[in-house]
Amino acid sequence: MKIGGIDEAGRGPVIGPMIICGYVIKKGRINTLKNLGVKDSKEMTREEREEIFSQLIKVAEEIHLEAIKPREIDKYVNMRLSLNRLELLKFAKIIRRMSADIIYVDSPSRNTRKIEEELRNLTGKNIIAMNKADKEIPAVSAASIIAKVIRDRFIEILKKEYGDFGSGYPSDPKTIEFLRKNIGKIEDSMIRKSWETYKRLQQRSLFDFL
């Protein structure tokens with residue numbers, strides 16, 4: 001029997017992509033994940049995630065990845081389609097490629113029953129959607145860690161090109177200062193222009209010319 005898990009990294013930042021990972025492992029190897037110390041990637045340091053990254057890949061049956069760029073996120077938000085909907089469709093795209101007998105999903109919504117029904121209808125697969133699945137289900141924890149490591153590496157590539165902008169999250173003062181100084185100078189592919197953080201900073205920059 002094969003167990004699958006799906007999770008994302010980078011849902012909230014104003015800079016950079018969102019990464020979704022689908023992870024499949026044989027049921028008999030679940031204890032291996034537990035022994036590696038998998039848990040919600042947000043509860044681990046970057047060094048801890050990197051340390052077990054290659055081991056998670058070795059024990060996996062399959063790993064599937066989707067990178068959702070800021071431009072695609074902006075398109076959905078500007079069309080008044082929710083980020084949850086975009087995430088759901090990307091989950092379904094990955095699930096169709098997974099050979100797992102049962103797939104656990106870290107639900108983007110509190111209404112887990114609705115998420116389950118929609119994903120089952122879209123994929124025909126056996127889905128269990130849970131809130132905080134990344135804390136409870138090792139396969140989802142593994143997906144969470146891999147997604148986070150991949151996103152971190154994307155961010156490092158962007159920093160080499162544009163300079164240090166911090167974490168990319170709206171709560172990071174370094175990120176806000178970077179955006180404030182570079183409004184209008186950054187490629188659309190890097191920034192989520194539909195985020196209220198960006199819109200507020202853009203509006204302020206316009207007032208600077210008055």
# chains A, B, ... in the order shown; residues from 1 in each chain; ligands from 1
>>> closest_atom_pairs(of="range 127-160 of chain A", to="range 21-32 of chain A", cutoff="10 Å", atoms="only C-alpha atoms", output="JSON lines")
{"residue": "A:Ile137", "atom": "CA", "partner": "A:Ile30", "partner_atom": "CA", "distance": 9.4}
{"residue": "A:Pro138", "atom": "CA", "partner": "A:Ile30", "partner_atom": "CA", "distance": 6.8}
{"residue": "A:Ala139", "atom": "CA", "partner": "A:Tyr23", "partner_atom": "CA", "distance": 6.3}
{"residue": "A:Val140", "atom": "CA", "partner": "A:Tyr23", "partner_atom": "CA", "distance": 7.2}
{"residue": "A:Ser141", "atom": "CA", "partner": "A:Tyr23", "partner_atom": "CA", "distance": 9.3}
{"residue": "A:Ala142", "atom": "CA", "partner": "A:Tyr23", "partner_atom": "CA", "distance": 6.9}
{"residue": "A:Ala143", "atom": "CA", "partner": "A:Cys21", "partner_atom": "CA", "distance": 5.2}
{"residue": "A:Ser144", "atom": "CA", "partner": "A:Cys21", "partner_atom": "CA", "distance": 7.1}
{"residue": "A:Ile145", "atom": "CA", "partner": "A:Cys21", "partner_atom": "CA", "distance": 8.9}
{"residue": "A:Ile146", "atom": "CA", "partner": "A:Cys21", "partner_atom": "CA", "distance": 6.9}
{"residue": "A:Ala147", "atom": "CA", "partner": "A:Cys21", "partner_atom": "CA", "distance": 5.4}
{"residue": "A:Lys148", "atom": "CA", "partner": "A:Cys21", "partner_atom": "CA", "distance": 9.1}
{"residue": "A:Ile150", "atom": "CA", "partner": "A:Cys21", "partner_atom": "CA", "distance": 9.4}
>>> write_last_selection(atoms="C-alpha atoms", output="PDB file, in the first residue's frame")
ATOM      1  CA  ILE A 137       0.558  12.793   8.811  1.00  0.00           C
ATOM      2  CA  PRO A 138       4.235  11.973   8.098  1.00  0.00           C
ATOM      3  CA  ALA A 139       3.758  11.865   4.311  1.00  0.00           C
ATOM      4  CA  VAL A 140       2.301  15.379   4.414  1.00  0.00           C
ATOM      5  CA  SER A 141       5.113  16.535   6.683  1.00  0.00           C
ATOM      6  CA  ALA A 142       7.602  15.209   4.125  1.00  0.00           C
ATOM      7  CA  ALA A 143       5.788  17.065   1.344  1.00  0.00           C
ATOM      8  CA  SER A 144       5.821  20.213   3.461  1.00  0.00           C
ATOM      9  CA  ILE A 145       9.576  20.000   4.029  1.00  0.00           C
ATOM     10  CA  ILE A 146      10.416  19.333   0.383  1.00  0.00           C
ATOM     11  CA  ALA A 147       8.177  22.178  -0.805  1.00  0.00           C
ATOM     12  CA  LYS A 148       9.816  24.545   1.670  1.00  0.00           C
ATOM     13  CA  ILE A 150      12.591  24.010  -2.991  1.00  0.00           C
TER      14      ILE A 150
END
>>> closest_atom_pairs(of="range 22-83 of chain A", to="range 168-188 of chain A", cutoff="10 Å", atoms="only C-alpha atoms", output="tab-separated table")
residue	atom	partner	partner_atom	distance
A:Lys69	CA	A:Asp188	CA	9.5
A:Pro70	CA	A:Asp188	CA	7.4
A:Arg71	CA	A:Asp188	CA	6.5
A:Asp74	CA	A:Asp188	CA	9.6
>>> select_by_dssp(residues="range 17-77 of chain A", states="strand (DSSP E)", output="compact mmCIF listing (two decimals) with N, CA and C atoms, in the first residue's frame")
# COMPACT_ATOMS: atom_id res chain seq x y z
N MET A 18 4.79 30.06 -5.08
CA MET A 18 4.27 29.07 -4.15
C MET A 18 4.64 27.70 -4.73
N ILE A 19 5.17 26.83 -3.90
CA ILE A 19 5.57 25.49 -4.33
C ILE A 19 4.64 24.46 -3.70
N ILE A 20 4.14 23.54 -4.52
CA ILE A 20 3.30 22.45 -4.04
C ILE A 20 4.03 21.14 -4.28
N CYS A 21 4.02 20.27 -3.27
CA CYS A 21 4.69 18.98 -3.39
C CYS A 21 3.72 17.84 -3.11
N GLY A 22 3.76 16.84 -3.95
CA GLY A 22 3.06 15.59 -3.71
C GLY A 22 4.09 14.51 -3.41
N TYR A 23 3.94 13.84 -2.28
CA TYR A 23 4.94 12.87 -1.82
C TYR A 23 4.27 11.51 -1.63
N VAL A 24 4.89 10.46 -2.18
CA VAL A 24 4.33 9.11 -2.07
C VAL A 24 5.37 8.18 -1.45
N ILE A 25 4.93 7.39 -0.48
CA ILE A 25 5.83 6.46 0.20
C ILE A 25 5.06 5.17 0.51
N LYS A 26 5.78 4.06 0.55
CA LYS A 26 5.14 2.80 0.94
C LYS A 26 4.78 2.86 2.42
N GLU A 62 7.58 8.34 -5.06
CA GLU A 62 7.37 9.39 -6.07
C GLU A 62 7.41 10.75 -5.39
N ILE A 63 7.85 11.76 -6.15
CA ILE A 63 7.75 13.14 -5.71
C ILE A 63 7.30 13.97 -6.91
N HIS A 64 6.26 14.75 -6.72
CA HIS A 64 5.73 15.59 -7.79
C HIS A 64 5.69 17.04 -7.32
N LEU A 65 6.13 17.95 -8.17
CA LEU A 65 6.23 19.36 -7.78
C LEU A 65 5.52 20.26 -8.77
N GLU A 66 4.94 21.32 -8.25
CA GLU A 66 4.35 22.39 -9.07
C GLU A 66 4.81 23.73 -8.50
N ALA A 67 5.33 24.59 -9.34
CA ALA A 67 5.71 25.95 -8.93
C ALA A 67 4.68 26.92 -9.51
N ILE A 68 4.01 27.66 -8.64
CA ILE A 68 3.01 28.64 -9.09
C ILE A 68 3.64 30.02 -8.99
>>> residues_around(residues="Glu196 in chain A", least_positions_apart="5", cutoff="12 Å", atoms="only C-alpha atoms", output="PyMOL selection string")
chain A and resi 12-14+74+77-78+170+191+201-203
>>> select_by_dssp(residues="range 29-168 of chain A", states="helix (DSSP H, G or I)", output="ChimeraX atom specification")
/A:29-36,41-43,46-59,70-78,83-95,112-123,133-136,138-162
>>> residues_around(residues="Glu43 in chain A", least_positions_apart="5", cutoff="10 Å", atoms="only C-alpha atoms", output="mmCIF file with C-alpha atoms, in the first residue's frame")
data_model
loop_
_atom_site.group_PDB
_atom_site.id
_atom_site.type_symbol
_atom_site.label_atom_id
_atom_site.label_comp_id
_atom_site.auth_asym_id
_atom_site.auth_seq_id
_atom_site.Cartn_x
_atom_site.Cartn_y
_atom_site.Cartn_z
ATOM 1 C CA VAL A 38 9.598 14.878 9.968
ATOM 2 C CA GLU A 48 17.166 20.966 9.773
ATOM 3 C CA ARG A 49 15.096 20.843 6.592
ATOM 4 C CA LYS A 135 1.601 18.095 11.853
ATOM 5 C CA ILE A 145 9.576 20.000 4.029
#
>>> residues_around(residues="Ala100 in chain A", least_positions_apart="2", cutoff="6 Å", atoms="only C-alpha atoms", output="JSON, numbers by chain")
{"A": [2, 3, 4, 98, 102]}
